[in-house]
Amino acid sequence: MTTLLLVRHGLTAMTGPVLAGWTPGVRLDDRGRGQVARLAARLADLPLAAVVTSPLERCAETAEAIAAGHGDPVGEIETDERFGEVRYGDWTGRPLKELAEEPLWRVVQAHPSAARFPGADGESLAAAQHRAVTAVRDWNGRVAAEHGPDALYLVCSHGDIIKSIVADALGLHLDQFQRIQADPASLTVIRYTETRPFVVRVNDTGGDVAGLVPKPPEEGSGKAGLGPGEAPVGGGA
């Protein structure tokens with residue numbers, strides 16, 4: 001029963017207002033570093049067989065903080081590009097409130113399995129899910145072979161990638177993945193068995209329940225233009 005701990009990177013200055021995608025040099029800000037330090041403290045005593053990260057800086061910094069704060073050495077952090085962010089193509093670097101006016105936005109919200117992002121390097125959400133789930137299966141096998149069937153390992157990735165992995169584990173069509181949430185520095189846990197995955201925990205941030213009360217969008221939050229129930233592309237903040 002290999003157990004996967006999925007961690008979303010901590011906050012950056014671009015998280016929420018702008019679709020960062022594969023923009024280089026996007027690092028954790030002070031808020032993100034604080035989030036990650038708290039998460040690292042929570043995970044310090046877990047026996048992690050491996051720590052794997054997306055190649056993007058914000059994930060690498062998150063993984064490094066978790067490894068550094070761990071009670072026992074976790075070995076070398078490994079990078080797997082398949083856990084990298086969705087390639088948003090021409091949408092990369094644009095404000096979400098601007099993207100919400102694009103015709104493709106409605107497809108991403110209601111029929112994401114049909115959505116392909118524009119531009120030469122734009123990726124479909126279906127392709128992003130396929131590479132991420134394939135990576136999980138590969139790592140499940142590798143970790144189990146090297147550390148036994150009950151090993152735990154951690155992957156640091158991105159909002160839409162984590163949501164797509166959870167959808168697969170739940171047996172949901174990709175068109176339902178916008179119903180799942182993965183906040184910055186959140187923890188999602190999936191236990192994989194021979195017969196089926198078990199989703200043990202989703203979007204756990206270890207905070208109090210006050211944050212469950214919906215709040216109206218704040219001026220300048222980057223959420224202007226999103227309708228009720230809409231999910232920010234990239235996971236939002």
# chains A, B, ... in the order shown; residues from 1 in each chain; ligands from 1

call {"tool": "residues_around", "arguments": {"residues": "Ala41 of chain A", "least_positions_apart": "2", "cutoff": "12 Å", "atoms": "only C-alpha atoms", "output": "ChimeraX atom specification"}}
result
/A:34-39,43-46,65-71,206

call {"tool": "residues_around", "arguments": {"residues": "Met1 of chain A", "least_positions_apart": "3", "cutoff": "7 Å", "atoms": "only C-alpha atoms", "output": "PyMOL selection string"}}
result
chain A and resi 149-150+191-193

call {"tool": "write_last_selection", "arguments": {"atoms": "N, CA and C atoms", "output": "PDB file, in the first residue's frame"}}
result
ATOM      1  N   PRO A 149       6.303  -2.360   0.263  1.00  0.00           N
ATOM      2  CA  PRO A 149       4.972  -1.966  -0.200  1.00  0.00           C
ATOM      3  C   PRO A 149       4.264  -0.949   0.680  1.00  0.00           C
ATOM      4  N   ASP A 150       4.738  -0.747   1.891  1.00  0.00           N
ATOM      5  CA  ASP A 150       4.073   0.192   2.797  1.00  0.00           C
ATOM      6  C   ASP A 150       4.800   1.525   2.917  1.00  0.00           C
ATOM      7  N   ARG A 191      -3.452   6.624  -0.917  1.00  0.00           N
ATOM      8  CA  ARG A 191      -2.843   5.323  -0.657  1.00  0.00           C
ATOM      9  C   ARG A 191      -3.202   4.397  -1.818  1.00  0.00           C
ATOM     10  N   TYR A 192      -2.184   3.848  -2.455  1.00  0.00           N
ATOM     11  CA  TYR A 192      -2.391   2.987  -3.616  1.00  0.00           C
ATOM     12  C   TYR A 192      -2.270   1.522  -3.221  1.00  0.00           C
ATOM     13  N   THR A 193      -3.303   0.732  -3.521  1.00  0.00           N
ATOM     14  CA  THR A 193      -3.288  -0.703  -3.251  1.00  0.00           C
ATOM     15  C   THR A 193      -3.349  -1.452  -4.582  1.00  0.00           C
TER      16      THR A 193
END

call {"tool": "residues_around", "arguments": {"residues": "segment 82-90 of chain A", "least_positions_apart": "5", "cutoff": "6 Å", "atoms": "only C-alpha atoms", "output": "ChimeraX atom specification"}}
result
/A:21,54,117-119,121-123,128,131-132,157-158

call {"tool": "write_last_selection", "arguments": {"atoms": "N, CA and C atoms", "output": "CSV table (one decimal), in the first residue's frame"}}
result
chain,number,residue,atom,x,y,z
A,21,GLY,N,2.4,29.5,-14.6
A,21,GLY,CA,2.8,28.4,-15.5
A,21,GLY,C,4.2,28.1,-15.3
A,54,SER,N,8.6,18.8,-8.9
A,54,SER,CA,8.5,19.5,-10.2
A,54,SER,C,9.8,20.3,-10.3
A,117,PHE,N,-4.5,24.5,-24.3
A,117,PHE,CA,-4.1,25.9,-24.2
A,117,PHE,C,-3.4,26.4,-25.5
A,118,PRO,N,-3.6,27.6,-25.9
A,118,PRO,CA,-3.1,28.1,-27.2
A,118,PRO,C,-1.6,28.3,-27.2
A,119,GLY,N,-1.1,28.3,-28.4
A,119,GLY,CA,0.4,28.6,-28.6
A,119,GLY,C,1.1,27.3,-28.9
A,121,ASP,N,3.6,25.9,-27.5
A,121,ASP,CA,3.9,25.0,-26.4
A,121,ASP,C,2.7,24.8,-25.5
A,122,GLY,N,1.5,25.1,-25.9
A,122,GLY,CA,0.3,24.9,-25.1
A,122,GLY,C,0.0,23.4,-25.0
A,123,GLU,N,-0.4,23.0,-23.9
A,123,GLU,CA,-0.7,21.6,-23.6
A,123,GLU,C,-2.2,21.4,-23.3
A,128,ALA,N,-1.7,16.7,-19.7
A,128,ALA,CA,-1.0,16.9,-18.4
A,128,ALA,C,-1.4,15.9,-17.4
A,131,ARG,N,0.5,12.5,-18.1
A,131,ARG,CA,1.9,12.4,-17.8
A,131,ARG,C,2.0,12.4,-16.3
A,132,ALA,N,1.2,13.1,-15.5
A,132,ALA,CA,1.3,13.1,-14.1
A,132,ALA,C,0.9,11.8,-13.5
A,157,SER,N,4.2,19.4,-6.2
A,157,SER,CA,3.7,19.8,-7.6
A,157,SER,C,2.8,21.0,-7.5
A,158,HIS,N,1.9,21.1,-8.5
A,158,HIS,CA,1.1,22.3,-8.7
A,158,HIS,C,-0.4,22.0,-8.7

call {"tool": "select_by_dssp", "arguments": {"residues": "chain A", "states": "alpha helix (DSSP H)", "output": "count of residues only"}}
result
73

call {"tool": "residues_around", "arguments": {"residues": "Ile161 of chain A", "least_positions_apart": "3", "cutoff": "12 Å", "atoms": "only C-alpha atoms", "output": "PyMOL selection string"}}
result
chain A and resi 6-9+21+54+81-87+124-136+155-158+164-168+174+177-178+180-182+188+233-235

call {"tool": "write_last_selection", "arguments": {"atoms": "N, CA and C atoms", "output": "short mmCIF file (atom, residue, chain, number, x, y, z; two decimals), in the first residue's frame"}}
result
data_model
loop_
_atom_site.label_atom_id
_atom_site.label_comp_id
_atom_site.auth_asym_id
_atom_site.auth_seq_id
_atom_site.Cartn_x
_atom_site.Cartn_y
_atom_site.Cartn_z
N LEU A 6 1.03 14.30 -1.62
CA LEU A 6 1.09 15.35 -2.64
C LEU A 6 1.07 16.70 -1.95
N VAL A 7 2.08 17.50 -2.21
CA VAL A 7 2.18 18.83 -1.62
C VAL A 7 2.17 19.87 -2.72
N ARG A 8 1.31 20.87 -2.59
CA ARG A 8 1.38 21.99 -3.51
C ARG A 8 2.39 22.99 -2.96
N HIS A 9 3.14 23.63 -3.84
CA HIS A 9 4.12 24.63 -3.43
C HIS A 9 3.46 25.76 -2.63
N GLY A 21 2.35 29.48 -14.58
CA GLY A 21 2.75 28.40 -15.47
C GLY A 21 4.23 28.07 -15.33
N SER A 54 8.56 18.83 -8.88
CA SER A 54 8.51 19.49 -10.17
C SER A 54 9.81 20.27 -10.35
N GLU A 81 10.12 15.98 -14.36
CA GLU A 81 9.43 17.00 -15.15
C GLU A 81 7.96 16.67 -15.35
N ARG A 82 7.60 15.42 -15.23
CA ARG A 82 6.20 15.03 -15.42
C ARG A 82 5.30 15.60 -14.33
N PHE A 83 5.88 16.02 -13.20
CA PHE A 83 5.11 16.67 -12.15
C PHE A 83 5.12 18.20 -12.30
N GLY A 84 5.68 18.70 -13.40
CA GLY A 84 5.70 20.13 -13.65
C GLY A 84 4.32 20.67 -13.96
N GLU A 85 4.19 21.97 -13.89
CA GLU A 85 2.91 22.65 -14.12
C GLU A 85 2.37 22.35 -15.51
N VAL A 86 1.06 22.50 -15.67
CA VAL A 86 0.46 22.44 -17.00
C VAL A 86 1.14 23.50 -17.87
N ARG A 87 1.40 23.17 -19.10
CA ARG A 87 1.98 24.15 -20.03
C ARG A 87 0.84 24.96 -20.63
N SER A 124 -2.69 20.22 -23.57
CA SER A 124 -4.07 19.92 -23.17
C SER A 124 -4.07 19.47 -21.72
N LEU A 125 -5.17 19.71 -21.03
CA LEU A 125 -5.29 19.25 -19.65
C LEU A 125 -5.29 17.72 -19.59
N ALA A 126 -5.83 17.08 -20.62
CA ALA A 126 -5.82 15.61 -20.66
C ALA A 126 -4.39 15.08 -20.73
N ALA A 127 -3.55 15.73 -21.54
CA ALA A 127 -2.15 15.30 -21.66
C ALA A 127 -1.41 15.53 -20.35
N ALA A 128 -1.70 16.66 -19.69
CA ALA A 128 -1.04 16.95 -18.41
C ALA A 128 -1.42 15.90 -17.37
N GLN A 129 -2.70 15.54 -17.33
CA GLN A 129 -3.12 14.50 -16.39
C GLN A 129 -2.44 13.18 -16.70
N HIS A 130 -2.37 12.83 -17.98
CA HIS A 130 -1.79 11.54 -18.36
C HIS A 130 -0.33 11.45 -17.92
N ARG A 131 0.46 12.50 -18.14
CA ARG A 131 1.88 12.43 -17.76
C ARG A 131 2.04 12.37 -16.25
N ALA A 132 1.18 13.11 -15.53
CA ALA A 132 1.31 13.13 -14.07
C ALA A 132 0.90 11.79 -13.47
N VAL A 133 -0.19 11.21 -13.94
CA VAL A 133 -0.64 9.93 -13.41
C VAL A 133 0.35 8.82 -13.78
N THR A 134 0.90 8.88 -14.98
CA THR A 134 1.93 7.91 -15.37
C THR A 134 3.13 8.02 -14.44
N ALA A 135 3.53 9.24 -14.10
CA ALA A 135 4.65 9.43 -13.18
C ALA A 135 4.34 8.83 -11.81
N VAL A 136 3.12 9.03 -11.32
CA VAL A 136 2.74 8.45 -10.03
C VAL A 136 2.85 6.93 -10.07
N VAL A 155 5.61 14.05 -3.15
CA VAL A 155 5.78 14.74 -4.42
C VAL A 155 5.30 16.17 -4.26
N CYS A 156 6.13 17.13 -4.64
CA CYS A 156 5.73 18.54 -4.62
C CYS A 156 5.39 18.96 -6.05
N SER A 157 4.17 19.45 -6.24
CA SER A 157 3.71 19.79 -7.58
C SER A 157 2.82 21.03 -7.54
N HIS A 158 1.89 21.11 -8.49
CA HIS A 158 1.10 22.32 -8.74
C HIS A 158 -0.39 22.02 -8.66
N SER A 164 -5.71 16.85 -10.89
CA SER A 164 -5.89 15.82 -11.91
C SER A 164 -5.51 14.44 -11.38
N ILE A 165 -4.50 14.38 -10.52
CA ILE A 165 -4.11 13.10 -9.91
C ILE A 165 -5.20 12.62 -8.96
N VAL A 166 -5.76 13.53 -8.18
CA VAL A 166 -6.85 13.17 -7.27
C VAL A 166 -8.07 12.68 -8.05
N ALA A 167 -8.40 13.36 -9.14
CA ALA A 167 -9.54 12.94 -9.96
C ALA A 167 -9.35 11.51 -10.45
N ASP A 168 -8.14 11.20 -10.91
CA ASP A 168 -7.85 9.83 -11.36
C ASP A 168 -8.03 8.85 -10.21
N LEU A 174 -12.03 13.58 -16.05
CA LEU A 174 -11.30 14.85 -15.93
C LEU A 174 -12.24 16.04 -15.92
N PHE A 177 -12.70 17.52 -12.48
CA PHE A 177 -11.56 17.84 -11.61
C PHE A 177 -11.63 19.25 -11.03
N GLN A 178 -12.42 20.14 -11.63
CA GLN A 178 -12.56 21.48 -11.06
C GLN A 178 -13.34 21.47 -9.75
N ILE A 180 -12.38 19.75 -7.26
CA ILE A 180 -11.35 19.45 -6.26
C ILE A 180 -10.53 20.71 -6.02
N GLN A 181 -10.07 20.90 -4.79
CA GLN A 181 -9.27 22.07 -4.45
C GLN A 181 -7.92 21.65 -3.89
N ALA A 182 -6.89 22.40 -4.28
CA ALA A 182 -5.54 22.17 -3.75
C ALA A 182 -4.90 23.53 -3.51
N THR A 188 -2.21 16.58 0.32
CA THR A 188 -3.19 15.60 -0.16
C THR A 188 -2.54 14.23 -0.09
N VAL A 233 -7.72 28.95 -13.04
CA VAL A 233 -6.77 28.10 -13.74
C VAL A 233 -5.43 28.18 -13.03
N GLY A 234 -4.78 27.05 -12.85
CA GLY A 234 -3.52 27.03 -12.13
C GLY A 234 -3.68 26.78 -10.66
N GLY A 235 -4.93 26.70 -10.18
CA GLY A 235 -5.17 26.41 -8.79
C GLY A 235 -5.54 27.61 -7.95
#
